[in-house]
Amino acid sequence: MGKEQTVKKEQKMSDKTPIPYLGTPQATTAVLEKYHFVFQKKFGQNFLIDPRVLEKIIAAAEITKDDFVLEIGPGIGTMTQYLCASAREVAAVEIDKALIPILEDTLKEYDNVQIINEDILKVDIGKLAREKNQGRPIKVVANLPYYITTPIIMGLLENHVPFETITIMVQKEVADRMKTGPGSKDYGALSLAVQYYVKPEIVANVPPNCFMPRPNVGSAVIRLTRHREPALDVRDEKLMFRLIRASFNQRRKTLVNGLKNSPDLNFSREEIEAAVTAIGKPLTIRGETLTLEEFAALANVFSGKKE
């Protein structure tokens, strides 16, 4: 994994699993002061300080002693403690080097955690799953920084990471976008990608006062459960997503013009018009009105599959 630094816990837990103690404003403040920690705006750091929300996340993720859990962005280890108390094993991937000594301290009572100092977008999660979970689907849990939420989610979905569920804290607006359908201003490429791969379910709304520092917007916990069978019959998945992105990159244009103007597509106007007509749509239609099924049908026409 390149620059990855892995810190293995040598300490052995006692017969009784340690009780998580982080998660309150007082405990969080004490840790931050002990290490003179300075929040990094570039990493979008907001730490949870409400045990009730932490318990809701663990419950929603349905973590058991059989589970290997990947946590993205553990911060000072608040949710990591809860995960370690519930799971068989946890790998916590943290990009901020300044947080590694703090994590070594706050997680020293747990011997079932591995801290990985790396950018999650550079981690081979498939390899991690093979090594730690014999290739079986893992569970992913995260309190995601707002600025990088979509790249992380899309990376997990499009790279076919072997996961069973992803339970994440995201900006409320992003959670709504994942669930919405045609006709909503929030409907877009993320909505379609998420719904193609998983079933999204918002399990909790979280107000700004549950974080330190306090963000300017509300958050939500959303659980993404992988479809057991493919949601649709689509011949060329990557082509379908190129069509989707092209359609939403220019929302005000017609579907035909959006696809014709895309640098990622090489179809002529005649081919595009013929494909749109083939799925029973007028040439004046906008891409934002198509359903996931209709985008799949369009991709199948382009890739030569008979409908």
# chains A, B, ... in the order shown; residues from 1 in each chain; ligands from 1
>>> select_by_dssp(residues="region 78-280 of chain A", states="strand (DSSP E)", output="ChimeraX atom specification")
/A:89-94,113-117,138-143,163-171,198-206,211-212,219-226
>>> residues_around(residues="Arg52 (chain A)", least_positions_apart="4", cutoff="10 Å", atoms="only C-alpha atoms", output="PyMOL selection string")
chain A and resi 23-24+56-57+210
>>> atom_distance(atom1="CA of Lys238 (chain A)", atom2="CA of Asp264 (chain A)")
11.0 Å
>>> closest_residue(among="A:Ala274, A:Leu283, A:Leu255, A:Met212", to="Gly44 (chain A)", atoms="only C-alpha atoms")
A:Met212
>>> closest_residue(among="A:Ala129, A:Ile63, A:Val93, A:Ile102", to="Ile116 (chain A)", atoms="only C-alpha atoms")
A:Val93
>>> residues_around(residues="Lys281 (chain A)", least_positions_apart="2", cutoff="12 Å", atoms="only C-alpha atoms", output="VMD selection string")
chain A and resid 254 to 256 272 to 279 283 to 287 289 to 291 294 to 295 297 to 298
>>> residues_around(residues="Leu32 (chain A)", least_positions_apart="6", cutoff="10 Å", atoms="only C-alpha atoms", output="PyMOL selection string")
chain A and resi 38-39+76+99+102
>>> write_last_selection(atoms="all heavy atoms", output="mmCIF file, in the first residue's frame")
data_model
loop_
_atom_site.group_PDB
_atom_site.id
_atom_site.type_symbol
_atom_site.label_atom_id
_atom_site.label_comp_id
_atom_site.auth_asym_id
_atom_site.auth_seq_id
_atom_site.Cartn_x
_atom_site.Cartn_y
_atom_site.Cartn_z
ATOM 1 N N VAL A 38 -4.626 20.344 16.800
ATOM 2 C CA VAL A 38 -5.201 21.460 16.047
ATOM 3 C C VAL A 38 -6.010 20.878 14.886
ATOM 4 O O VAL A 38 -5.493 20.081 14.091
ATOM 5 C CB VAL A 38 -4.091 22.386 15.483
ATOM 6 C CG1 VAL A 38 -4.709 23.504 14.657
ATOM 7 C CG2 VAL A 38 -3.251 22.943 16.625
ATOM 8 N N PHE A 39 -7.285 21.259 14.810
ATOM 9 C CA PHE A 39 -8.146 20.753 13.729
ATOM 10 C C PHE A 39 -7.612 21.214 12.370
ATOM 11 O O PHE A 39 -7.229 22.377 12.201
ATOM 12 C CB PHE A 39 -9.583 21.243 13.912
ATOM 13 C CG PHE A 39 -10.303 20.567 15.033
ATOM 14 C CD1 PHE A 39 -10.363 21.156 16.293
ATOM 15 C CD2 PHE A 39 -10.913 19.339 14.846
ATOM 16 C CE1 PHE A 39 -11.023 20.529 17.345
ATOM 17 C CE2 PHE A 39 -11.573 18.702 15.889
ATOM 18 C CZ PHE A 39 -11.625 19.295 17.136
ATOM 19 N N ILE A 76 -10.016 10.671 16.621
ATOM 20 C CA ILE A 76 -9.296 10.361 17.871
ATOM 21 C C ILE A 76 -9.669 8.972 18.405
ATOM 22 O O ILE A 76 -9.240 8.598 19.490
ATOM 23 C CB ILE A 76 -9.557 11.429 18.948
ATOM 24 C CG1 ILE A 76 -11.051 11.492 19.311
ATOM 25 C CG2 ILE A 76 -9.035 12.786 18.505
ATOM 26 C CD1 ILE A 76 -11.344 12.361 20.532
ATOM 27 N N LEU A 99 -2.903 12.433 14.076
ATOM 28 C CA LEU A 99 -3.861 11.665 14.878
ATOM 29 C C LEU A 99 -3.351 10.275 15.251
ATOM 30 O O LEU A 99 -3.926 9.620 16.121
ATOM 31 C CB LEU A 99 -5.204 11.544 14.135
ATOM 32 C CG LEU A 99 -6.051 12.818 14.116
ATOM 33 C CD1 LEU A 99 -7.181 12.694 13.104
ATOM 34 C CD2 LEU A 99 -6.621 13.111 15.504
ATOM 35 N N ILE A 102 -2.389 9.779 18.905
ATOM 36 C CA ILE A 102 -3.609 9.859 19.722
ATOM 37 C C ILE A 102 -4.367 8.533 19.647
ATOM 38 O O ILE A 102 -4.814 7.991 20.665
ATOM 39 C CB ILE A 102 -4.511 11.026 19.259
ATOM 40 C CG1 ILE A 102 -3.768 12.360 19.398
ATOM 41 C CG2 ILE A 102 -5.823 11.045 20.039
ATOM 42 C CD1 ILE A 102 -4.552 13.576 18.921
#
>>> closest_residue(among="A:Thr106, A:Tyr187, A:Ser86, A:Gln81", to="Ala30 (chain A)", atoms="only C-alpha atoms")
A:Thr106
>>> residues_around(residues="Leu192 (chain A)", least_positions_apart="3", cutoff="12 Å", atoms="only C-alpha atoms", output="PyMOL selection string")
chain A and resi 154+157+177-182+186-189+195-200+231-232+240-245+247-248+287-296
>>> decode(residues="region 95-110 of chain A", atoms="all heavy atoms", output="PDB file, in the first residue's frame")
ATOM      1  N   ILE A  95      -5.984   9.460   7.562  1.00  0.00           N
ATOM      2  CA  ILE A  95      -5.041  10.164   6.695  1.00  0.00           C
ATOM      3  C   ILE A  95      -4.137  11.132   7.453  1.00  0.00           C
ATOM      4  O   ILE A  95      -3.012  11.402   7.042  1.00  0.00           O
ATOM      5  CB  ILE A  95      -5.820  10.908   5.573  1.00  0.00           C
ATOM      6  CG1 ILE A  95      -4.861  11.405   4.486  1.00  0.00           C
ATOM      7  CG2 ILE A  95      -6.643  12.061   6.148  1.00  0.00           C
ATOM      8  CD1 ILE A  95      -5.560  11.963   3.260  1.00  0.00           C
ATOM      9  N   ASP A  96      -4.605  11.651   8.597  1.00  0.00           N
ATOM     10  CA  ASP A  96      -3.878  12.695   9.330  1.00  0.00           C
ATOM     11  C   ASP A  96      -2.825  12.086  10.261  1.00  0.00           C
ATOM     12  O   ASP A  96      -3.146  11.434  11.252  1.00  0.00           O
ATOM     13  CB  ASP A  96      -4.880  13.536  10.138  1.00  0.00           C
ATOM     14  CG  ASP A  96      -4.235  14.754  10.784  1.00  0.00           C
ATOM     15  OD1 ASP A  96      -3.004  14.907  10.687  1.00  0.00           O
ATOM     16  OD2 ASP A  96      -4.976  15.553  11.394  1.00  0.00           O
ATOM     17  N   LYS A  97      -1.541  12.308   9.920  1.00  0.00           N
ATOM     18  CA  LYS A  97      -0.438  11.760  10.726  1.00  0.00           C
ATOM     19  C   LYS A  97      -0.502  12.211  12.181  1.00  0.00           C
ATOM     20  O   LYS A  97      -0.090  11.486  13.088  1.00  0.00           O
ATOM     21  CB  LYS A  97       0.909  12.200  10.127  1.00  0.00           C
ATOM     22  CG  LYS A  97       1.397  11.327   9.002  1.00  0.00           C
ATOM     23  CD  LYS A  97       2.842  11.634   8.654  1.00  0.00           C
ATOM     24  CE  LYS A  97       2.987  13.027   8.074  1.00  0.00           C
ATOM     25  NZ  LYS A  97       4.335  13.243   7.480  1.00  0.00           N
ATOM     26  N   ALA A  98      -1.001  13.429  12.410  1.00  0.00           N
ATOM     27  CA  ALA A  98      -1.043  13.980  13.766  1.00  0.00           C
ATOM     28  C   ALA A  98      -1.983  13.187  14.681  1.00  0.00           C
ATOM     29  O   ALA A  98      -1.855  13.242  15.908  1.00  0.00           O
ATOM     30  CB  ALA A  98      -1.480  15.448  13.726  1.00  0.00           C
ATOM     31  N   LEU A  99      -2.903  12.433  14.076  1.00  0.00           N
ATOM     32  CA  LEU A  99      -3.861  11.665  14.878  1.00  0.00           C
ATOM     33  C   LEU A  99      -3.351  10.275  15.251  1.00  0.00           C
ATOM     34  O   LEU A  99      -3.926   9.620  16.121  1.00  0.00           O
ATOM     35  CB  LEU A  99      -5.204  11.544  14.135  1.00  0.00           C
ATOM     36  CG  LEU A  99      -6.051  12.818  14.116  1.00  0.00           C
ATOM     37  CD1 LEU A  99      -7.181  12.694  13.104  1.00  0.00           C
ATOM     38  CD2 LEU A  99      -6.621  13.111  15.504  1.00  0.00           C
ATOM     39  N   ILE A 100      -2.280   9.805  14.626  1.00  0.00           N
ATOM     40  CA  ILE A 100      -1.807   8.435  14.869  1.00  0.00           C
ATOM     41  C   ILE A 100      -1.379   8.220  16.320  1.00  0.00           C
ATOM     42  O   ILE A 100      -1.808   7.250  16.964  1.00  0.00           O
ATOM     43  CB  ILE A 100      -0.689   8.050  13.878  1.00  0.00           C
ATOM     44  CG1 ILE A 100      -1.201   8.165  12.435  1.00  0.00           C
ATOM     45  CG2 ILE A 100      -0.181   6.644  14.153  1.00  0.00           C
ATOM     46  CD1 ILE A 100      -2.474   7.381  12.131  1.00  0.00           C
ATOM     47  N   PRO A 101      -0.551   9.100  16.924  1.00  0.00           N
ATOM     48  CA  PRO A 101      -0.202   8.890  18.341  1.00  0.00           C
ATOM     49  C   PRO A 101      -1.408   8.970  19.271  1.00  0.00           C
ATOM     50  O   PRO A 101      -1.449   8.285  20.293  1.00  0.00           O
ATOM     51  CB  PRO A 101       0.798  10.009  18.639  1.00  0.00           C
ATOM     52  CG  PRO A 101       0.704  10.974  17.515  1.00  0.00           C
ATOM     53  CD  PRO A 101       0.191  10.230  16.335  1.00  0.00           C
ATOM     54  N   ILE A 102      -2.389   9.779  18.905  1.00  0.00           N
ATOM     55  CA  ILE A 102      -3.609   9.859  19.722  1.00  0.00           C
ATOM     56  C   ILE A 102      -4.367   8.533  19.647  1.00  0.00           C
ATOM     57  O   ILE A 102      -4.814   7.991  20.665  1.00  0.00           O
ATOM     58  CB  ILE A 102      -4.511  11.026  19.259  1.00  0.00           C
ATOM     59  CG1 ILE A 102      -3.768  12.360  19.398  1.00  0.00           C
ATOM     60  CG2 ILE A 102      -5.823  11.045  20.039  1.00  0.00           C
ATOM     61  CD1 ILE A 102      -4.552  13.576  18.921  1.00  0.00           C
ATOM     62  N   LEU A 103      -4.479   7.980  18.437  1.00  0.00           N
ATOM     63  CA  LEU A 103      -5.169   6.697  18.267  1.00  0.00           C
ATOM     64  C   LEU A 103      -4.442   5.577  19.007  1.00  0.00           C
ATOM     65  O   LEU A 103      -5.075   4.697  19.601  1.00  0.00           O
ATOM     66  CB  LEU A 103      -5.286   6.354  16.773  1.00  0.00           C
ATOM     67  CG  LEU A 103      -6.300   7.188  15.984  1.00  0.00           C
ATOM     68  CD1 LEU A 103      -6.085   7.038  14.484  1.00  0.00           C
ATOM     69  CD2 LEU A 103      -7.726   6.769  16.355  1.00  0.00           C
ATOM     70  N   GLU A 104      -3.116   5.597  18.968  1.00  0.00           N
ATOM     71  CA  GLU A 104      -2.347   4.576  19.697  1.00  0.00           C
ATOM     72  C   GLU A 104      -2.651   4.634  21.192  1.00  0.00           C
ATOM     73  O   GLU A 104      -2.653   3.607  21.874  1.00  0.00           O
ATOM     74  CB  GLU A 104      -0.850   4.783  19.451  1.00  0.00           C
ATOM     75  CG  GLU A 104      -0.424   4.456  18.035  1.00  0.00           C
ATOM     76  CD  GLU A 104       1.047   4.788  17.798  1.00  0.00           C
ATOM     77  OE1 GLU A 104       1.638   5.532  18.609  1.00  0.00           O
ATOM     78  OE2 GLU A 104       1.594   4.306  16.800  1.00  0.00           O
ATOM     79  N   ASP A 105      -2.912   5.836  21.686  1.00  0.00           N
ATOM     80  CA  ASP A 105      -3.237   6.021  23.101  1.00  0.00           C
ATOM     81  C   ASP A 105      -4.673   5.601  23.397  1.00  0.00           C
ATOM     82  O   ASP A 105      -4.926   4.757  24.264  1.00  0.00           O
ATOM     83  CB  ASP A 105      -3.026   7.499  23.472  1.00  0.00           C
ATOM     84  CG  ASP A 105      -3.250   7.759  24.962  1.00  0.00           C
ATOM     85  OD1 ASP A 105      -3.438   6.781  25.730  1.00  0.00           O
ATOM     86  OD2 ASP A 105      -3.243   8.936  25.367  1.00  0.00           O
ATOM     87  N   THR A 106      -5.626   6.143  22.644  1.00  0.00           N
ATOM     88  CA  THR A 106      -7.042   5.896  22.963  1.00  0.00           C
ATOM     89  C   THR A 106      -7.472   4.456  22.675  1.00  0.00           C
ATOM     90  O   THR A 106      -8.475   3.984  23.211  1.00  0.00           O
ATOM     91  CB  THR A 106      -7.963   6.853  22.186  1.00  0.00           C
ATOM     92  OG1 THR A 106      -7.774   6.667  20.774  1.00  0.00           O
ATOM     93  CG2 THR A 106      -7.687   8.303  22.551  1.00  0.00           C
ATOM     94  N   LEU A 107      -6.691   3.757  21.839  1.00  0.00           N
ATOM     95  CA  LEU A 107      -7.061   2.373  21.482  1.00  0.00           C
ATOM     96  C   LEU A 107      -6.130   1.343  22.111  1.00  0.00           C
ATOM     97  O   LEU A 107      -6.184   0.162  21.769  1.00  0.00           O
ATOM     98  CB  LEU A 107      -7.061   2.210  19.954  1.00  0.00           C
ATOM     99  CG  LEU A 107      -8.006   3.149  19.189  1.00  0.00           C
ATOM    100  CD1 LEU A 107      -7.837   2.953  17.686  1.00  0.00           C
ATOM    101  CD2 LEU A 107      -9.464   2.919  19.594  1.00  0.00           C
ATOM    102  N   LYS A 108      -5.281   1.767  23.049  1.00  0.00           N
ATOM    103  CA  LYS A 108      -4.263   0.850  23.583  1.00  0.00           C
ATOM    104  C   LYS A 108      -4.849  -0.315  24.368  1.00  0.00           C
ATOM    105  O   LYS A 108      -4.192  -1.338  24.536  1.00  0.00           O
ATOM    106  CB  LYS A 108      -3.260   1.625  24.440  1.00  0.00           C
ATOM    107  CG  LYS A 108      -3.798   2.238  25.718  1.00  0.00           C
ATOM    108  CD  LYS A 108      -2.677   2.961  26.470  1.00  0.00           C
ATOM    109  CE  LYS A 108      -3.166   3.589  27.759  1.00  0.00           C
ATOM    110  NZ  LYS A 108      -4.019   4.772  27.518  1.00  0.00           N
ATOM    111  N   GLU A 109      -6.072  -0.198  24.836  1.00  0.00           N
ATOM    112  CA  GLU A 109      -6.692  -1.294  25.589  1.00  0.00           C
ATOM    113  C   GLU A 109      -7.289  -2.366  24.680  1.00  0.00           C
ATOM    114  O   GLU A 109      -7.735  -3.405  25.157  1.00  0.00           O
ATOM    115  CB  GLU A 109      -7.802  -0.736  26.501  1.00  0.00           C
ATOM    116  CG  GLU A 109      -7.316   0.257  27.556  1.00  0.00           C
ATOM    117  CD  GLU A 109      -6.302  -0.356  28.495  1.00  0.00           C
ATOM    118  OE1 GLU A 109      -6.462  -1.538  28.841  1.00  0.00           O
ATOM    119  OE2 GLU A 109      -5.334   0.336  28.859  1.00  0.00           O
ATOM    120  N   TYR A 110      -7.316  -2.112  23.380  1.00  0.00           N
ATOM    121  CA  TYR A 110      -7.951  -3.054  22.443  1.00  0.00           C
ATOM    122  C   TYR A 110      -6.881  -3.759  21.603  1.00  0.00           C
ATOM    123  O   TYR A 110      -6.018  -3.101  21.024  1.00  0.00           O
ATOM    124  CB  TYR A 110      -8.930  -2.308  21.528  1.00  0.00           C
ATOM    125  CG  TYR A 110     -10.046  -1.618  22.273  1.00  0.00           C
ATOM    126  CD1 TYR A 110      -9.904  -0.303  22.715  1.00  0.00           C
ATOM    127  CD2 TYR A 110     -11.240  -2.288  22.558  1.00  0.00           C
ATOM    128  CE1 TYR A 110     -10.925   0.332  23.406  1.00  0.00           C
ATOM    129  CE2 TYR A 110     -12.256  -1.663  23.252  1.00  0.00           C
ATOM    130  CZ  TYR A 110     -12.102  -0.348  23.678  1.00  0.00           C
ATOM    131  OH  TYR A 110     -13.112   0.276  24.373  1.00  0.00           O
TER     132      TYR A 110
END
